[in-house]
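Visitor: My questions will all concern the structure given below.
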Amino acid sequence: MIKLKNTVLIHSSSIFYHFMSFSPNTSCFRYRAFIFMLTFLLYASFHLSRKPISIVKGELHKDCEASSEGEPKVSSLSRQSGHLLPPPGTDNETHCGWAPFDKDNYQQLLGALDYSFLCAYAVGMYLSGIIGERLPIRYYLTFGMLASGAFTALFGLGYFYSIHSFGFYVVAQAINGLVQTTGWPSVVTCLGNWFGKGRRGLIMGLWNSHTSVGNILGSLIAGCWVSTCWGLSFVVPGAIVAAMGLVCFLFLIEHPKDLRFSSSWPVHPKGYENCTNRFRLQKQISGQEKNKPGDPEMQCLLLSDGSGSTHPNHVVLLPAEGGSGVAAISFIGALKIPGVIEFSLCLLFAKLVSYTFLFWLPLYITSVDHLDAKKAGELSTLFDVGGIFGGVLAGVVSDRLEKRASTCGLMLLLAAPTLYVFSAISKMGLEATVVMLLLSGALVSGPYALITTAVSADLGTHRSLKGSSHALATVTAIIDGTGSVGAALGPLLAGLISPSGWNNVFYMLMFADACALLVGHLFYSQQHFMSNSVVTD
């Protein structure tokens with residue numbers, strides 16, 4: 001029987017779980033599997049909404065040639081894109097793209113769009129983790145997804161209403177970047193709450209493939225309309241993100257301690273407090289275990305190995321207990337955790353490389369392989385396919401060796417020469433581009449995925465915190481926020497450097513990769529003199 005305590009609000013997720021049947025040895029496994037998939041899809045939808053801008057760049061500006069009569073003539077590249085549906089009411093004079101991106105400075109303007117999104121994302125991330133520690137994750141994440149869907153769609157509405165103001169698109173991108181900061185600290189905290197440290201690299205390596213899956217889906221969805229009605233390339237992803245926000249509100253459960261299991265056996269309640277959340281486990285007692293302290297994390301989180309004795313029949317969400325527990329960690333306190341600053345700087349350079357590929361790869365493929373915007377977008381998904389394998393590989397290796405820093409360093413060491421080879425042989429043909437996209441995606445995304453997931457979760461539950469669970473979102477936000485500074489600089493620098501040649505862009509990426517490797521090496525060296533870090537070698 002379900003008993004309500006005080007003023008418990010039962011939303012649809014509790015009803016959903018009430019009608020699911022669980023056996024004693026599979027209940028928590030199914031909960032964890034559901035939360036794994038739900039958070040995977042939630043953050044994949046965030047990345048799905050970020051990808052359209054890189055796909056549409058080739059349509060916002062087209063290569064044009066002046067004809068002998070002085071009339072603008074669209075080049076063969078633009079004709080291949082097959083713009084079947086002209087923008088409603090367009091007054092574009094040159095037909096070389098969408099004003100104001102049809103001018104010679106289009107690369108700087110497109111780079112500014114990326115920078116406005118990523119700069120707002122970087123600044124907002126530092127605040128997002130602190131706010132997220134003090135608000136219910138479900139509400140916080142739902143708000144962010146609904147707002148992100150609205151501003152993603154708003155960018156696309158510029159097509160339908162023939163808006164040619166550069167400021168309109170910059171503001172839409174900046175606000176979208178700001179509200180998307182609600183996503184990463186929330187989902188990492190939620191997943192960290194449900195999974196222990198065992199095999200964390202593998203679990204989070206698999207889970208972090210949502211980044212690549214979202215990018216792939218975003219590329220394919222945006223590509224469906226990029227040559228005919230590019231406004232829908234933003235409106236449809238925006239609608240998907242908003243719909244996933246509603247799913248989050250209905251079904252997300254932040255922590256296993258927000259659940260109460262009960263049975264019809266004679267029970268003895270044991271309450272366990274953790275900050276503001278309570279997990280109450282009721283179980284049959286015997287003379288030996290009457291005075292034995294319980295372990296709800298082992299009972300629930302590790303139930304799948306058959307060691308638990310819980311008989312859950314019903315589930316109800318419990319309210320937060322105000323005024324009790326451990327206070328959330330401060331920003332300065334999170335910075336003092338060993339490894340936070342070092343891995344933050346390492347991620348800054350690693351994310352600079354990754355996001356430069358995210359925002360500029362389709363345009364590079366269009367320029368080098370002479371493909372239209374749709375085909376270039378589809379081909380660019382191979383970089384994300386390689387990223388899936390790279391993230392999983394990094395997690396498996398780091399779990400097996402129990403050396404996160406060394407794993408990151410090895411992949412960064414291999415990534416630098418790979419980028420050089422990519423810049424050299426991608427011009428030789430489509431086959432060479434495919435191979436190098438897969439390899440580069442694996443080596444570039446592997447360290448990035450490992451730092452933003454397993455390393456962040458390790459540091460957020462560092463032993464120096466003495467059991468405080470209210471540090472994970474703040475630590476995650478600091479690391480990813482610093483990384484987002486690099487994510488903002490990368491596309492901006494690419495926009496400024498690319499007019500001088502794509503080779504110079506690759507030199508910039510190789511330099512950033514070397515800097516990431518240097519910071520990682522410094523951290524590795526320091527840890528030989530420290531013995532209290534869970535992520536060190």
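Identifiers in the structure tokens: chain A, B, ... in order shown; residue index from 1 per chain; ligand index from 1 in order shown.
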Near region 414-424 of chain A, within 10 Å and counting only C-alpha atoms, which residues show up once chain neighbours fewer than 3 positions away are dropped, as an mmCIF file with all heavy atoms, in the first residue's frame?
Guide:
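Below you can see around-v7.cif, which holds the result:
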data_model
loop_
_atom_site.group_PDB
_atom_site.id
_atom_site.type_symbol
_atom_site.label_atom_id
_atom_site.label_comp_id
_atom_site.auth_asym_id
_atom_site.auth_seq_id
_atom_site.Cartn_x
_atom_site.Cartn_y
_atom_site.Cartn_z
ATOM 1 N N VAL A 353 38.790 21.899 -30.038
ATOM 2 C CA VAL A 353 38.944 21.091 -31.251
ATOM 3 C C VAL A 353 37.628 20.456 -31.647
ATOM 4 O O VAL A 353 37.207 20.495 -32.815
ATOM 5 C CB VAL A 353 40.021 20.006 -31.030
ATOM 6 C CG1 VAL A 353 40.149 19.117 -32.264
ATOM 7 C CG2 VAL A 353 41.363 20.642 -30.691
ATOM 8 N N GLY A 409 45.575 11.368 -22.001
ATOM 9 C CA GLY A 409 46.848 11.779 -22.583
ATOM 10 C C GLY A 409 47.223 10.974 -23.814
ATOM 11 O O GLY A 409 47.701 11.531 -24.812
ATOM 12 N N LEU A 410 46.985 9.661 -23.767
ATOM 13 C CA LEU A 410 47.326 8.812 -24.907
ATOM 14 C C LEU A 410 46.504 9.177 -26.138
ATOM 15 O O LEU A 410 47.042 9.285 -27.253
ATOM 16 C CB LEU A 410 47.110 7.348 -24.534
ATOM 17 C CG LEU A 410 47.363 6.326 -25.651
ATOM 18 C CD1 LEU A 410 48.819 6.398 -26.116
ATOM 19 C CD2 LEU A 410 47.021 4.920 -25.173
ATOM 20 N N MET A 411 45.213 9.392 -25.942
ATOM 21 C CA MET A 411 44.352 9.708 -27.087
ATOM 22 C C MET A 411 44.658 11.099 -27.639
ATOM 23 O O MET A 411 44.618 11.323 -28.856
ATOM 24 C CB MET A 411 42.885 9.593 -26.691
ATOM 25 C CG MET A 411 42.480 8.194 -26.241
ATOM 26 S SD MET A 411 40.709 7.965 -26.012
ATOM 27 C CE MET A 411 40.171 7.770 -27.714
ATOM 28 N N LYS A 427 41.860 16.033 -49.091
ATOM 29 C CA LYS A 427 41.686 16.656 -50.404
ATOM 30 C C LYS A 427 41.904 15.660 -51.549
ATOM 31 O O LYS A 427 41.723 16.012 -52.718
ATOM 32 C CB LYS A 427 42.666 17.823 -50.554
ATOM 33 C CG LYS A 427 42.496 18.894 -49.479
ATOM 34 C CD LYS A 427 43.566 19.962 -49.594
ATOM 35 C CE LYS A 427 43.428 20.980 -48.462
ATOM 36 N NZ LYS A 427 44.480 22.015 -48.521
ATOM 37 N N MET A 428 42.270 14.431 -51.204
ATOM 38 C CA MET A 428 42.567 13.442 -52.244
ATOM 39 C C MET A 428 41.330 12.744 -52.776
ATOM 40 O O MET A 428 41.408 12.038 -53.783
ATOM 41 C CB MET A 428 43.550 12.400 -51.694
ATOM 42 C CG MET A 428 44.897 12.969 -51.290
ATOM 43 S SD MET A 428 45.997 11.685 -50.638
ATOM 44 C CE MET A 428 47.443 12.659 -50.253
ATOM 45 N N ALA A 432 39.169 8.926 -48.841
ATOM 46 C CA ALA A 432 40.124 9.349 -47.815
ATOM 47 C C ALA A 432 39.446 10.180 -46.739
ATOM 48 O O ALA A 432 39.747 10.053 -45.547
ATOM 49 C CB ALA A 432 41.267 10.135 -48.459
ATOM 50 N N THR A 433 38.501 11.012 -47.147
ATOM 51 C CA THR A 433 37.776 11.837 -46.177
ATOM 52 C C THR A 433 36.971 10.978 -45.218
ATOM 53 O O THR A 433 36.929 11.243 -44.013
ATOM 54 C CB THR A 433 36.839 12.814 -46.914
ATOM 55 O OG1 THR A 433 37.610 13.646 -47.782
ATOM 56 C CG2 THR A 433 36.076 13.679 -45.929
ATOM 57 N N VAL A 435 37.519 7.841 -44.187
ATOM 58 C CA VAL A 435 38.398 7.154 -43.244
ATOM 59 C C VAL A 435 38.906 8.109 -42.173
ATOM 60 O O VAL A 435 38.889 7.801 -40.969
ATOM 61 C CB VAL A 435 39.578 6.501 -43.987
ATOM 62 C CG1 VAL A 435 40.574 5.920 -42.987
ATOM 63 C CG2 VAL A 435 39.081 5.412 -44.928
ATOM 64 N N MET A 436 39.340 9.287 -42.584
ATOM 65 C CA MET A 436 39.904 10.229 -41.628
ATOM 66 C C MET A 436 38.838 10.827 -40.722
ATOM 67 O O MET A 436 39.123 11.186 -39.571
ATOM 68 C CB MET A 436 40.657 11.334 -42.365
ATOM 69 C CG MET A 436 41.885 10.850 -43.116
ATOM 70 S SD MET A 436 42.981 9.818 -42.104
ATOM 71 C CE MET A 436 43.361 10.910 -40.733
ATOM 72 N N LEU A 437 37.616 10.947 -41.210
ATOM 73 C CA LEU A 437 36.526 11.428 -40.356
ATOM 74 C C LEU A 437 36.280 10.455 -39.210
ATOM 75 O O LEU A 437 36.100 10.864 -38.052
ATOM 76 C CB LEU A 437 35.252 11.619 -41.178
ATOM 77 C CG LEU A 437 35.148 12.897 -42.008
ATOM 78 C CD1 LEU A 437 33.901 12.865 -42.887
ATOM 79 C CD2 LEU A 437 35.124 14.132 -41.114
ATOM 80 N N LEU A 439 38.385 8.155 -37.927
ATOM 81 C CA LEU A 439 39.537 8.100 -37.033
ATOM 82 C C LEU A 439 39.664 9.372 -36.198
ATOM 83 O O LEU A 439 39.894 9.317 -34.981
ATOM 84 C CB LEU A 439 40.810 7.866 -37.850
ATOM 85 C CG LEU A 439 42.109 7.672 -37.061
ATOM 86 C CD1 LEU A 439 41.982 6.492 -36.104
ATOM 87 C CD2 LEU A 439 43.283 7.472 -38.010
ATOM 88 N N SER A 440 39.514 10.521 -36.842
ATOM 89 C CA SER A 440 39.608 11.793 -36.112
ATOM 90 C C SER A 440 38.500 11.917 -35.085
ATOM 91 O O SER A 440 38.721 12.399 -33.968
ATOM 92 C CB SER A 440 39.555 12.962 -37.090
ATOM 93 O OG SER A 440 40.621 12.921 -38.014
ATOM 94 N N GLY A 441 37.294 11.488 -35.441
ATOM 95 C CA GLY A 441 36.179 11.552 -34.496
ATOM 96 C C GLY A 441 36.445 10.745 -33.243
ATOM 97 O O GLY A 441 36.134 11.184 -32.129
ATOM 98 N N ALA A 442 37.041 9.555 -33.409
ATOM 99 C CA ALA A 442 37.319 8.704 -32.250
ATOM 100 C C ALA A 442 38.370 9.328 -31.337
ATOM 101 O O ALA A 442 38.209 9.366 -30.108
ATOM 102 C CB ALA A 442 37.773 7.326 -32.720
ATOM 103 N N LEU A 443 39.454 9.840 -31.910
ATOM 104 C CA LEU A 443 40.559 10.354 -31.100
ATOM 105 C C LEU A 443 40.264 11.731 -30.508
ATOM 106 O O LEU A 443 40.749 12.063 -29.421
ATOM 107 C CB LEU A 443 41.835 10.404 -31.939
ATOM 108 C CG LEU A 443 42.382 9.049 -32.390
ATOM 109 C CD1 LEU A 443 43.595 9.231 -33.288
ATOM 110 C CD2 LEU A 443 42.738 8.183 -31.189
ATOM 111 N N VAL A 444 39.475 12.540 -31.202
ATOM 112 C CA VAL A 444 39.132 13.867 -30.682
ATOM 113 C C VAL A 444 38.045 13.778 -29.627
ATOM 114 O O VAL A 444 38.111 14.447 -28.579
ATOM 115 C CB VAL A 444 38.698 14.802 -31.833
ATOM 116 C CG1 VAL A 444 38.076 16.081 -31.292
ATOM 117 C CG2 VAL A 444 39.881 15.127 -32.725
ATOM 118 N N SER A 445 37.040 12.950 -29.854
ATOM 119 C CA SER A 445 35.892 12.887 -28.940
ATOM 120 C C SER A 445 36.150 12.017 -27.724
ATOM 121 O O SER A 445 35.474 12.176 -26.703
ATOM 122 C CB SER A 445 34.667 12.356 -29.692
ATOM 123 O OG SER A 445 34.327 13.194 -30.775
ATOM 124 N N GLY A 446 37.108 11.072 -27.796
ATOM 125 C CA GLY A 446 37.369 10.198 -26.658
ATOM 126 C C GLY A 446 37.749 10.930 -25.390
ATOM 127 O O GLY A 446 37.075 10.785 -24.350
ATOM 128 N N PRO A 447 38.815 11.760 -25.391
ATOM 129 C CA PRO A 447 39.173 12.502 -24.172
ATOM 130 C C PRO A 447 38.078 13.472 -23.731
ATOM 131 O O PRO A 447 37.816 13.626 -22.537
ATOM 132 C CB PRO A 447 40.441 13.256 -24.585
ATOM 133 C CG PRO A 447 40.974 12.522 -25.763
ATOM 134 C CD PRO A 447 39.783 11.968 -26.477
ATOM 135 N N TRP A 502 42.322 26.699 -45.206
ATOM 136 C CA TRP A 502 41.900 25.703 -44.232
ATOM 137 C C TRP A 502 43.080 25.044 -43.533
ATOM 138 O O TRP A 502 42.944 24.544 -42.409
ATOM 139 C CB TRP A 502 41.030 24.647 -44.909
ATOM 140 C CG TRP A 502 39.655 25.135 -45.256
ATOM 141 C CD1 TRP A 502 39.182 25.454 -46.488
ATOM 142 C CD2 TRP A 502 38.581 25.371 -44.341
ATOM 143 N NE1 TRP A 502 37.868 25.881 -46.410
ATOM 144 C CE2 TRP A 502 37.476 25.836 -45.090
ATOM 145 C CE3 TRP A 502 38.430 25.246 -42.952
ATOM 146 C CZ2 TRP A 502 36.248 26.147 -44.520
ATOM 147 C CZ3 TRP A 502 37.209 25.556 -42.377
ATOM 148 C CH2 TRP A 502 36.139 26.009 -43.159
ATOM 149 N N ASN A 503 44.236 24.999 -44.168
ATOM 150 C CA ASN A 503 45.410 24.413 -43.516
ATOM 151 C C ASN A 503 45.753 25.132 -42.219
ATOM 152 O O ASN A 503 46.166 24.524 -41.231
ATOM 153 C CB ASN A 503 46.616 24.443 -44.460
ATOM 154 C CG ASN A 503 46.525 23.382 -45.533
ATOM 155 O OD1 ASN A 503 45.807 22.397 -45.384
ATOM 156 N ND2 ASN A 503 47.248 23.591 -46.625
ATOM 157 N N ASN A 504 45.580 26.464 -42.219
ATOM 158 C CA ASN A 504 45.870 27.239 -41.013
ATOM 159 C C ASN A 504 44.900 26.899 -39.885
ATOM 160 O O ASN A 504 45.254 26.941 -38.704
ATOM 161 C CB ASN A 504 45.817 28.734 -41.319
ATOM 162 C CG ASN A 504 46.913 29.160 -42.268
ATOM 163 O OD1 ASN A 504 47.999 28.590 -42.261
ATOM 164 N ND2 ASN A 504 46.647 30.161 -43.099
ATOM 165 N N VAL A 505 43.659 26.556 -40.241
ATOM 166 C CA VAL A 505 42.695 26.133 -39.225
ATOM 167 C C VAL A 505 43.160 24.839 -38.563
ATOM 168 O O VAL A 505 43.086 24.683 -37.337
ATOM 169 C CB VAL A 505 41.298 25.953 -39.856
ATOM 170 C CG1 VAL A 505 40.312 25.395 -38.826
ATOM 171 C CG2 VAL A 505 40.780 27.276 -40.406
ATOM 172 N N PHE A 506 43.656 23.913 -39.368
ATOM 173 C CA PHE A 506 44.133 22.645 -38.816
ATOM 174 C C PHE A 506 45.388 22.844 -37.961
ATOM 175 O O PHE A 506 45.573 22.130 -36.966
ATOM 176 C CB PHE A 506 44.389 21.647 -39.937
ATOM 177 C CG PHE A 506 43.148 20.952 -40.415
ATOM 178 C CD1 PHE A 506 42.433 21.442 -41.488
ATOM 179 C CD2 PHE A 506 42.681 19.813 -39.769
ATOM 180 C CE1 PHE A 506 41.282 20.807 -41.928
ATOM 181 C CE2 PHE A 506 41.538 19.167 -40.194
ATOM 182 C CZ PHE A 506 40.834 19.656 -41.286
ATOM 183 N N TYR A 507 46.227 23.774 -38.320
ATOM 184 C CA TYR A 507 47.388 24.067 -37.470
ATOM 185 C C TYR A 507 46.934 24.591 -36.109
ATOM 186 O O TYR A 507 47.519 24.263 -35.073
ATOM 187 C CB TYR A 507 48.300 25.098 -38.150
ATOM 188 C CG TYR A 507 48.962 24.591 -39.409
ATOM 189 C CD1 TYR A 507 49.220 25.438 -40.486
ATOM 190 C CD2 TYR A 507 49.343 23.251 -39.531
ATOM 191 C CE1 TYR A 507 49.833 24.981 -41.645
ATOM 192 C CE2 TYR A 507 49.946 22.781 -40.681
ATOM 193 C CZ TYR A 507 50.184 23.640 -41.743
ATOM 194 O OH TYR A 507 50.786 23.180 -42.884
ATOM 195 N N LEU A 509 44.133 23.833 -34.643
ATOM 196 C CA LEU A 509 43.567 22.703 -33.913
ATOM 197 C C LEU A 509 44.669 21.817 -33.337
ATOM 198 O O LEU A 509 44.549 21.314 -32.207
ATOM 199 C CB LEU A 509 42.663 21.888 -34.842
ATOM 200 C CG LEU A 509 41.415 22.605 -35.382
ATOM 201 C CD1 LEU A 509 40.633 21.687 -36.308
ATOM 202 C CD2 LEU A 509 40.534 23.086 -34.240
ATOM 203 N N MET A 510 45.720 21.601 -34.090
ATOM 204 C CA MET A 510 46.832 20.788 -33.591
ATOM 205 C C MET A 510 47.519 21.466 -32.410
ATOM 206 O O MET A 510 47.934 20.797 -31.446
ATOM 207 C CB MET A 510 47.826 20.522 -34.719
ATOM 208 C CG MET A 510 47.335 19.502 -35.734
ATOM 209 S SD MET A 510 48.568 19.111 -36.996
ATOM 210 C CE MET A 510 48.386 20.517 -38.092
ATOM 211 N N PHE A 511 47.648 22.789 -32.458
ATOM 212 C CA PHE A 511 48.244 23.515 -31.336
ATOM 213 C C PHE A 511 47.373 23.374 -30.082
ATOM 214 O O PHE A 511 47.890 23.165 -28.971
ATOM 215 C CB PHE A 511 48.399 24.994 -31.703
ATOM 216 C CG PHE A 511 48.924 25.846 -30.582
ATOM 217 C CD1 PHE A 511 50.267 25.831 -30.233
ATOM 218 C CD2 PHE A 511 48.062 26.665 -29.868
ATOM 219 C CE1 PHE A 511 50.745 26.605 -29.181
ATOM 220 C CE2 PHE A 511 48.527 27.452 -28.821
ATOM 221 C CZ PHE A 511 49.876 27.429 -28.481
ATOM 222 N N ALA A 512 46.046 23.479 -30.251
ATOM 223 C CA ALA A 512 45.135 23.325 -29.112
ATOM 224 C C ALA A 512 45.233 21.920 -28.535
ATOM 225 O O ALA A 512 45.212 21.724 -27.307
ATOM 226 C CB ALA A 512 43.706 23.635 -29.542
ATOM 227 N N ASP A 513 45.326 20.924 -29.399
ATOM 228 C CA ASP A 513 45.449 19.548 -28.938
ATOM 229 C C ASP A 513 46.742 19.354 -28.145
ATOM 230 O O ASP A 513 46.763 18.660 -27.120
ATOM 231 C CB ASP A 513 45.407 18.612 -30.142
ATOM 232 C CG ASP A 513 45.371 17.152 -29.748
ATOM 233 O OD1 ASP A 513 44.287 16.679 -29.368
ATOM 234 O OD2 ASP A 513 46.422 16.495 -29.815
ATOM 235 N N ALA A 514 47.825 19.971 -28.600
ATOM 236 C CA ALA A 514 49.097 19.881 -27.878
ATOM 237 C C ALA A 514 49.000 20.549 -26.509
ATOM 238 O O ALA A 514 49.566 20.052 -25.519
ATOM 239 C CB ALA A 514 50.212 20.524 -28.708
ATOM 240 N N LEU A 517 47.228 18.216 -24.170
ATOM 241 C CA LEU A 517 48.142 17.151 -23.760
ATOM 242 C C LEU A 517 49.115 17.658 -22.701
ATOM 243 O O LEU A 517 49.417 16.945 -21.732
ATOM 244 C CB LEU A 517 48.908 16.645 -24.982
ATOM 245 C CG LEU A 517 49.955 15.551 -24.734
ATOM 246 C CD1 LEU A 517 49.301 14.312 -24.149
ATOM 247 C CD2 LEU A 517 50.673 15.224 -26.027
#
Visitor: Write down as a PyMOL selection string the residues belonging to region 326-402 of chain A that are assigned alpha helix (DSSP H) by DSSP computed on the backbone.
Guide: chain A and resi 331-335+340-369+373-401
Visitor: Sort by chain and increasing residue number a table of all residues of region 181-233 of chain A within 9 Å of region 127-142 of chain A, each with its closest pair of atoms and their distance in Å to one decimal, counting only C-alpha atoms, and write it as CSV.
Guide:
residue,atom,partner,partner_atom,distance
A:Thr181,CA,A:Ser128,CA,6.1
A:Thr182,CA,A:Leu141,CA,5.7
A:Gly183,CA,A:Leu141,CA,5.9
A:Trp184,CA,A:Gly129,CA,8.9
A:Pro185,CA,A:Gly129,CA,5.8
A:Ser186,CA,A:Ile137,CA,5.9
A:Val187,CA,A:Leu141,CA,8.2
A:Thr189,CA,A:Ile137,CA,8.6
A:Cys190,CA,A:Ile137,CA,7.8
Visitor: Neighbours of His210 (chain A) within 6 Å (only C-alpha atoms; same-chain residues fewer than 2 positions away dropped), as an MDAnalysis selection string?
Guide: chainID A and resid 40 44 208 212:214
